[in-house]
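data.txt, holding compact mmCIF, C-alpha atoms:
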```
# COMPACT_ATOMS: atom_id res chain seq x y z
CA MET A 1 112.97 97.51 111.80
CA SER A 2 112.63 100.07 114.54
CA GLY A 3 112.32 103.80 113.92
CA ALA A 4 115.90 104.43 115.04
CA GLU A 5 117.24 101.86 112.56
CA ILE A 6 115.25 103.34 109.69
CA TRP A 7 116.58 106.79 110.64
CA HIS A 8 120.13 105.40 110.71
CA HIS A 9 119.83 103.81 107.26
CA LEU A 10 118.20 106.95 105.85
CA LEU A 11 121.06 109.14 107.14
CA PHE A 12 123.57 106.69 105.66
CA ALA A 13 121.83 106.78 102.27
CA ILE A 14 121.72 110.61 102.23
CA SER A 15 125.37 110.71 103.26
CA VAL A 16 126.45 108.35 100.46
CA ALA A 17 124.35 110.31 97.94
CA SER A 18 125.95 113.58 99.05
CA MET A 19 129.49 112.22 98.86
CA SER A 20 128.87 110.65 95.43
CA ALA A 21 127.49 113.97 94.13
CA GLY A 22 130.58 115.68 95.58
CA LEU A 23 132.84 113.24 93.73
CA VAL A 24 130.98 113.89 90.46
CA PHE A 25 131.66 117.63 90.87
CA VAL A 26 135.33 117.04 91.76
CA LEU A 27 135.67 114.88 88.62
CA ALA A 28 133.89 117.51 86.50
CA GLY A 29 136.27 120.15 87.85
CA ALA A 30 139.29 118.00 86.96
CA ILE A 31 137.95 117.37 83.44
CA GLY A 32 137.38 121.11 83.07
CA VAL A 33 140.95 121.91 84.09
CA ILE A 34 142.15 119.64 81.27
CA ARG A 35 139.67 120.70 78.58
CA LEU A 36 139.42 124.50 78.90
CA PRO A 37 141.70 126.61 76.69
CA ASP A 38 143.81 128.91 78.89
CA PHE A 39 145.03 129.61 82.43
CA TYR A 40 142.17 131.89 83.52
CA THR A 41 139.38 129.66 82.20
CA ARG A 42 140.96 126.59 83.83
CA MET A 43 140.89 128.42 87.14
CA HIS A 44 137.07 128.55 86.95
CA ALA A 45 136.89 124.77 86.60
CA ALA A 46 139.16 124.37 89.63
CA GLY A 47 136.63 126.53 91.50
CA VAL A 48 133.98 123.81 91.07
CA THR A 49 136.24 121.37 92.93
CA ASP A 50 136.87 123.92 95.70
CA THR A 51 133.27 124.88 96.38
CA LEU A 52 130.54 122.37 95.67
CA GLY A 53 132.76 119.26 95.43
CA ALA A 54 134.57 119.73 98.73
CA GLU A 55 131.51 120.99 100.61
CA LEU A 56 129.30 118.07 99.47
CA VAL A 57 131.94 115.53 100.57
CA ILE A 58 132.18 117.26 103.96
CA LEU A 59 128.38 117.33 104.26
CA GLY A 60 128.33 113.57 103.63
CA LEU A 61 130.99 113.03 106.30
CA ILE A 62 129.04 115.19 108.79
CA LEU A 63 125.96 112.99 108.32
CA GLN A 64 128.03 109.88 109.10
CA ALA A 65 130.01 111.35 112.00
CA GLY A 66 127.72 110.17 114.81
CA ASP A 67 128.84 112.43 117.66
CA TRP A 68 128.35 116.18 117.72
CA GLN A 69 132.01 116.97 118.36
CA THR A 70 133.19 115.36 115.12
CA MET A 71 130.30 117.05 113.32
CA ALA A 72 131.35 120.45 114.67
CA LYS A 73 134.96 119.88 113.68
CA LEU A 74 133.98 118.85 110.14
CA ALA A 75 131.71 121.91 109.91
CA LEU A 76 134.71 124.07 110.92
CA VAL A 77 136.80 122.43 108.18
CA GLY A 78 134.02 123.23 105.69
CA LEU A 79 133.88 126.84 106.91
CA LEU A 80 137.66 127.16 106.61
CA LEU A 81 137.55 125.90 102.99
CA PHE A 82 134.65 128.25 102.25
CA LEU A 83 136.61 131.26 103.56
CA THR A 84 140.11 130.44 102.26
CA SER A 85 139.53 129.01 98.77
CA PRO A 86 138.50 132.38 97.20
CA THR A 87 141.56 134.02 98.77
CA ALA A 88 143.86 131.41 97.21
CA THR A 89 142.09 131.64 93.82
CA HIS A 90 142.36 135.43 93.85
CA ALA A 91 146.05 135.28 94.81
CA VAL A 92 146.83 132.99 91.85
CA ALA A 93 144.71 135.05 89.41
CA ASN A 94 146.17 138.34 90.61
CA ALA A 95 149.73 137.01 90.38
CA ALA A 96 149.15 135.94 86.75
CA HIS A 97 147.54 139.30 85.94
CA ARG A 98 150.39 141.30 87.46
CA ALA A 99 153.00 139.17 85.74
CA GLY A 100 151.38 140.31 82.48
CA HIS A 101 149.69 137.03 81.48
CA LYS A 102 146.95 138.08 79.03
CA PRO A 103 143.69 136.12 79.09
CA ASP A 104 142.59 134.49 75.85
CA LEU A 105 139.50 136.54 74.94
CA ALA A 106 137.30 136.08 71.89
CA HIS A 107 136.21 139.72 72.03
CA PHE A 108 137.13 142.42 74.48
CA LYS A 109 133.92 144.09 75.62
CA PRO A 110 132.93 146.54 77.01
CA SER A 111 135.93 148.69 76.17
CA HIS A 112 136.73 151.05 78.99
CA PRO A 113 138.23 154.58 78.55
CA ARG A 114 141.19 153.46 80.65
CA ASP A 115 142.04 150.58 78.27
CA LEU A 116 141.84 152.90 75.25
CA ALA A 117 144.22 155.31 77.01
CA ASP A 118 146.58 152.37 77.75
CA GLU A 119 146.62 151.26 74.12
CA GLU A 120 147.28 154.81 72.90
CA GLY A 121 150.09 155.11 75.40
CA LYS A 122 151.71 151.95 74.01
CA ALA A 123 151.24 152.90 70.35
CA MET B 1 134.07 145.82 125.59
CA THR B 2 131.37 144.04 123.58
CA TYR B 3 134.05 142.81 121.21
CA SER B 4 136.38 141.43 123.91
CA VAL B 5 133.48 139.63 125.62
CA GLY B 6 132.28 138.31 122.28
CA LEU B 7 135.75 137.14 121.25
CA THR B 8 136.21 135.42 124.64
CA ALA B 9 132.88 133.62 124.30
CA VAL B 10 133.66 132.43 120.76
CA LEU B 11 137.17 131.28 121.73
CA VAL B 12 135.87 129.37 124.80
CA LEU B 13 133.25 127.64 122.63
CA LEU B 14 135.88 126.83 119.98
CA TRP B 15 138.30 125.44 122.55
CA LEU B 16 135.62 123.29 124.20
CA THR B 17 134.52 121.97 120.80
CA LEU B 18 138.02 121.10 119.64
CA SER B 19 139.27 119.62 122.92
CA GLY B 20 136.09 118.02 124.24
CA GLN B 21 137.16 118.72 127.83
CA TYR B 22 134.43 120.05 130.04
CA THR B 23 134.70 118.26 133.39
CA LEU B 24 136.99 119.21 136.26
CA SER B 25 138.00 115.74 137.56
CA GLY B 26 141.29 113.84 137.11
CA ASP B 27 143.90 115.49 134.91
CA TYR B 28 141.39 117.95 133.54
CA PRO B 29 142.27 121.00 135.72
CA LEU B 30 145.68 121.21 133.99
CA VAL B 31 144.19 120.85 130.50
CA ILE B 32 141.39 123.34 131.26
CA GLY B 33 144.06 125.63 132.73
CA PHE B 34 145.92 125.59 129.39
CA GLY B 35 142.64 126.36 127.64
CA VAL B 36 141.89 129.33 129.90
CA LEU B 37 145.47 130.56 129.52
CA SER B 38 145.37 130.41 125.72
CA VAL B 39 142.00 132.19 125.54
CA VAL B 40 143.13 134.96 127.93
CA ALA B 41 146.45 135.37 126.08
CA THR B 42 144.70 135.57 122.69
CA VAL B 43 142.20 138.19 123.85
CA ALA B 44 144.95 140.20 125.63
CA LEU B 45 147.21 140.15 122.55
CA THR B 46 144.32 141.09 120.23
CA ALA B 47 143.40 144.00 122.51
CA ARG B 48 147.04 145.11 122.67
CA MET B 49 147.29 145.11 118.88
CA ARG B 50 144.16 147.35 118.86
CA ILE B 51 142.42 145.18 116.28
CA LEU B 52 139.42 144.33 118.48
CA ASP B 53 136.69 145.79 116.32
CA ARG B 54 133.71 145.02 114.16
CA GLU B 55 135.84 143.46 111.43
CA THR B 56 137.91 141.04 113.51
CA VAL B 57 134.98 140.10 115.78
CA PRO B 58 131.90 140.03 113.53
CA ILE B 59 129.50 139.24 116.37
CA LEU B 60 126.97 141.99 115.65
CA PRO B 61 126.65 141.36 111.89
CA ALA B 62 126.64 137.58 112.47
CA LEU B 63 122.93 137.17 111.60
CA PRO B 64 123.01 139.28 108.40
CA LEU B 65 126.21 137.47 107.38
CA ALA B 66 124.57 134.07 107.97
CA MET B 67 121.54 135.13 105.90
CA TYR B 68 123.90 136.33 103.17
CA TRP B 69 125.75 133.00 103.19
CA ILE B 70 122.50 131.08 102.66
CA TRP B 71 121.70 133.29 99.65
CA LEU B 72 125.29 132.95 98.41
CA GLY B 73 125.10 129.15 98.78
CA ARG B 74 122.17 129.05 96.33
CA GLU B 75 124.07 131.30 93.88
CA ILE B 76 127.15 129.06 94.13
CA LEU B 77 125.04 125.95 93.47
CA ALA B 78 123.51 127.51 90.35
CA ALA B 79 126.89 128.77 89.08
CA ASN B 80 128.51 125.35 89.70
CA LEU B 81 125.85 123.62 87.61
CA ALA B 82 126.31 126.20 84.82
CA VAL B 83 130.11 125.73 84.78
CA VAL B 84 129.83 121.91 84.83
CA LYS B 85 127.36 122.10 81.92
CA LEU B 86 129.82 124.23 79.89
CA VAL B 87 132.74 121.93 80.72
CA MET B 88 130.90 118.72 79.87
CA LYS B 89 129.66 119.86 76.43
CA PRO B 90 131.16 117.76 73.61
CA GLU B 91 132.55 120.97 72.08
CA ILE B 92 134.06 123.56 74.42
CA ASP B 93 132.18 126.71 73.42
CA VAL B 94 133.02 129.57 75.78
CA GLU B 95 133.55 133.28 75.30
CA PRO B 96 135.74 134.46 78.17
CA ARG B 97 135.37 138.10 79.14
CA LEU B 98 137.16 140.66 81.27
CA VAL B 99 134.66 143.06 82.82
CA ARG B 100 134.81 145.89 85.32
CA VAL B 101 132.25 145.78 88.09
CA PRO B 102 131.63 148.88 90.23
CA ALA B 103 132.10 148.29 93.96
CA GLU B 104 129.86 150.67 95.90
CA GLN B 105 130.06 149.07 99.35
CA ARG B 106 130.36 151.53 102.23
CA SER B 107 133.02 149.65 104.21
CA GLY B 108 136.26 147.83 103.54
CA LEU B 109 134.67 144.66 104.91
CA GLY B 110 131.86 145.07 102.36
CA HIS B 111 134.41 145.30 99.53
CA ALA B 112 136.19 142.19 100.80
CA VAL B 113 132.93 140.23 101.13
CA PHE B 114 131.86 141.25 97.60
CA ALA B 115 135.24 140.43 95.98
CA ASN B 116 135.45 137.06 97.74
CA SER B 117 131.83 136.23 96.84
CA ILE B 118 132.60 136.87 93.16
CA THR B 119 135.67 134.64 93.36
CA LEU B 120 133.82 131.93 95.30
CA THR B 121 131.12 131.73 92.62
CA PRO B 122 132.51 129.49 89.85
CA GLY B 123 132.68 131.20 86.46
CA THR B 124 133.80 134.57 87.83
CA VAL B 125 137.11 135.47 89.50
CA THR B 126 138.20 138.85 90.84
CA ILE B 127 141.56 139.51 89.19
CA ASP B 128 142.40 143.02 90.33
CA VAL B 129 141.09 145.70 92.68
CA GLU B 130 140.92 149.17 91.16
CA GLU B 131 139.98 152.43 92.85
CA ASP B 132 136.31 152.35 91.80
CA GLY B 133 135.66 148.68 91.22
CA PHE B 134 136.97 145.22 90.47
CA LEU B 135 138.43 143.72 87.31
CA ILE B 136 136.72 140.37 86.82
CA HIS B 137 137.45 137.45 84.52
CA ALA B 138 134.33 135.55 83.49
CA LEU B 139 134.35 132.11 81.89
CA ASP B 140 131.52 132.97 79.50
CA THR B 141 129.32 135.91 78.52
CA SER B 142 126.45 134.28 80.44
CA PHE B 143 128.27 135.03 83.73
CA THR B 144 128.64 138.79 83.13
CA ASP B 145 125.06 139.94 83.80
CA PRO B 146 125.47 143.40 85.43
CA ALA B 147 122.17 143.00 87.33
CA GLY B 148 123.48 139.84 89.03
CA PHE B 149 126.67 141.60 90.13
CA ALA B 150 124.64 144.60 91.33
CA GLU B 151 122.39 142.36 93.45
CA MET B 152 125.37 140.53 94.95
CA GLY B 153 127.06 143.88 95.66
CA ALA B 154 123.99 145.32 97.36
CA ARG B 155 123.53 142.18 99.45
CA SER B 156 127.18 142.05 100.55
CA ASP B 157 126.93 145.73 101.52
CA LEU B 158 123.82 145.04 103.62
CA ALA B 159 125.48 142.03 105.28
CA SER B 160 128.49 144.12 106.39
CA ASP B 161 127.28 147.69 106.77
CA GLY B 162 129.63 148.57 109.61
CA LYS B 163 132.32 151.23 109.46
CA ARG B 164 135.74 150.16 110.70
CA LYS B 165 136.02 151.59 114.18
CA VAL B 166 139.07 151.21 116.43
CA LEU B 167 138.38 151.02 120.17
```
Rewrite the structure from the file as structure tokens, please.
Amino acid sequence: MSGAEIWHHLLFAISVASMSAGLVFVLAGAIGVIRLPDFYTRMHAAGVTDTLGAELVILGLILQAGDWQTMAKLALVGLLLFLTSPTATHAVANAAHRAGHKPDLAHFKPSHPRDLADEEGKA
Amino acid sequence: MTYSVGLTAVLVLLWLTLSGQYTLSGDYPLVIGFGVLSVVATVALTARMRILDRETVPILPALPLAMYWIWLGREILAANLAVVKLVMKPEIDVEPRLVRVPAEQRSGLGHAVFANSITLTPGTVTIDVEEDGFLIHALDTSFTDPAGFAEMGARSDLASDGKRKVL
């Protein structure tokens, strides 16, 4: 085998490893969405799918792309996901918070003067 | 001026990358003409809206931002592994928390970078923006270390230290 062939096979192996790792994280995120107790905690599990899962799959695709133009386009897709996924997550979380959906908390710490004032106002 | 030149350069590079047209033979003059037209129109419209500034064209803080992203990538990797570990335990054992984190960044861009970094890191999500900080939901008490938030806040401030300035 020539050097170029070895390089080609090596890139392919790294690419497959990266995509498989990405799939493991996507699966873990999906399992988390099912297993965690409430809306806000499930959102954190969905974050695993958005960040590491998606980016590892894209990294694997970049390694297999071959020409630089496809690589650059895939990198742009990765950048777009990186920049937009927190915005979407925050929009969903903020909408739930404003609609008055209370997170399921074991303990509420640290208590803030503003929360105490809120509770007194309600009582 | 710096910003319009920078925006033009970035848009030309983006157009060439996405279209793959960079010769002038055959049908290409028409296609390249469309490219030039769209770049000129975009820069002209951006200038007319008076939003050509440090925030819309982050050319000058590009290097600090790139350095910050590399650091943030490591943080995201660590947080992902922590969340996956919690999710995959036979018994779900989490203590979700709502915490307030002070936001002491000097610029609006710094606040945005900090809030988005918190949300991007699995295990913590920015739920609301208050006048002196953010309200954050954390999946477990292990994600609410104030020192970690302080470091991320200081780094996002350094990566985007500019004041918003309208040309």
(message) Contacts from chain A to chain B, 8 Å maximum, only C-alpha atoms: show me the residue list as number ranges by chain.
(response) A: 25, 28-29, 31-32, 35-36, 40-41, 44-45, 47-48, 51-52, 69, 72-73, 82, 85-87, 89-90, 93-94, 97, 104-110
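Relative to CA of Arg155 (chain B), CA of Glu55 (chain B) is found at 17.2 Å.
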(request) Kindly give the distance, in Å, that separates CA of Leu23 (chain A) and CA of Leu11 (chain A), rounded to a single decimal. (result)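 CA of Leu11 (chain A) lies 18.3 Å from CA of Leu23 (chain A).
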(message) When you count only C-alpha atoms, which of these residues is closest to Ile58 (chain A): A:Ile14, A:Gly78, A:Met1, A:Arg42?
(response)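 Going through A:Ile14, A:Gly78, A:Met1, A:Arg42 one by one, the smallest distance to Ile58 (chain A) is for A:Gly78.
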(request) Between CA of Leu52 (chain B) and CA of Met71 (chain A), measure the distance and give it in Å to one decimal. (result)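 Those two atoms sit 29.2 Å apart.
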Output requested as a PDB file, in the frame of the given file - region 27-41 of chain B, filled out with N, CA and C atoms.
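So out11.pdb came out as:
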```pdb
ATOM      1  N   ASP B  27     142.863 114.614 135.443  1.00  0.00           N
ATOM      2  CA  ASP B  27     143.900 115.490 134.910  1.00  0.00           C
ATOM      3  C   ASP B  27     143.339 116.765 134.317  1.00  0.00           C
ATOM      4  N   TYR B  28     141.997 116.882 134.312  1.00  0.00           N
ATOM      5  CA  TYR B  28     141.390 117.950 133.540  1.00  0.00           C
ATOM      6  C   TYR B  28     141.731 119.356 134.015  1.00  0.00           C
ATOM      7  N   PRO B  29     141.931 119.618 135.344  1.00  0.00           N
ATOM      8  CA  PRO B  29     142.270 121.000 135.720  1.00  0.00           C
ATOM      9  C   PRO B  29     143.457 121.541 134.952  1.00  0.00           C
ATOM     10  N   LEU B  30     144.489 120.743 134.727  1.00  0.00           N
ATOM     11  CA  LEU B  30     145.680 121.210 133.990  1.00  0.00           C
ATOM     12  C   LEU B  30     145.303 121.564 132.550  1.00  0.00           C
ATOM     13  N   VAL B  31     144.550 120.630 131.906  1.00  0.00           N
ATOM     14  CA  VAL B  31     144.190 120.850 130.500  1.00  0.00           C
ATOM     15  C   VAL B  31     143.308 122.080 130.382  1.00  0.00           C
ATOM     16  N   ILE B  32     142.289 122.176 131.294  1.00  0.00           N
ATOM     17  CA  ILE B  32     141.390 123.340 131.260  1.00  0.00           C
ATOM     18  C   ILE B  32     142.190 124.600 131.545  1.00  0.00           C
ATOM     19  N   GLY B  33     143.204 124.487 132.447  1.00  0.00           N
ATOM     20  CA  GLY B  33     144.060 125.630 132.730  1.00  0.00           C
ATOM     21  C   GLY B  33     144.753 126.129 131.472  1.00  0.00           C
ATOM     22  N   PHE B  34     145.295 125.193 130.666  1.00  0.00           N
ATOM     23  CA  PHE B  34     145.920 125.590 129.390  1.00  0.00           C
ATOM     24  C   PHE B  34     144.913 126.295 128.493  1.00  0.00           C
ATOM     25  N   GLY B  35     143.682 125.755 128.469  1.00  0.00           N
ATOM     26  CA  GLY B  35     142.640 126.360 127.640  1.00  0.00           C
ATOM     27  C   GLY B  35     142.369 127.794 128.060  1.00  0.00           C
ATOM     28  N   VAL B  36     142.169 127.992 129.386  1.00  0.00           N
ATOM     29  CA  VAL B  36     141.890 129.330 129.900  1.00  0.00           C
ATOM     30  C   VAL B  36     143.054 130.264 129.571  1.00  0.00           C
ATOM     31  N   LEU B  37     144.274 129.757 129.783  1.00  0.00           N
ATOM     32  CA  LEU B  37     145.470 130.560 129.520  1.00  0.00           C
ATOM     33  C   LEU B  37     145.522 131.004 128.056  1.00  0.00           C
ATOM     34  N   SER B  38     145.264 130.054 127.145  1.00  0.00           N
ATOM     35  CA  SER B  38     145.370 130.410 125.720  1.00  0.00           C
ATOM     36  C   SER B  38     144.301 131.412 125.325  1.00  0.00           C
ATOM     37  N   VAL B  39     143.066 131.244 125.879  1.00  0.00           N
ATOM     38  CA  VAL B  39     142.000 132.190 125.540  1.00  0.00           C
ATOM     39  C   VAL B  39     142.351 133.585 126.057  1.00  0.00           C
ATOM     40  N   VAL B  40     142.797 133.656 127.341  1.00  0.00           N
ATOM     41  CA  VAL B  40     143.130 134.960 127.930  1.00  0.00           C
ATOM     42  C   VAL B  40     144.275 135.610 127.152  1.00  0.00           C
ATOM     43  N   ALA B  41     145.299 134.812 126.809  1.00  0.00           N
ATOM     44  CA  ALA B  41     146.450 135.370 126.080  1.00  0.00           C
ATOM     45  C   ALA B  41     146.012 135.890 124.714  1.00  0.00           C
TER      46      ALA B  41
END
```
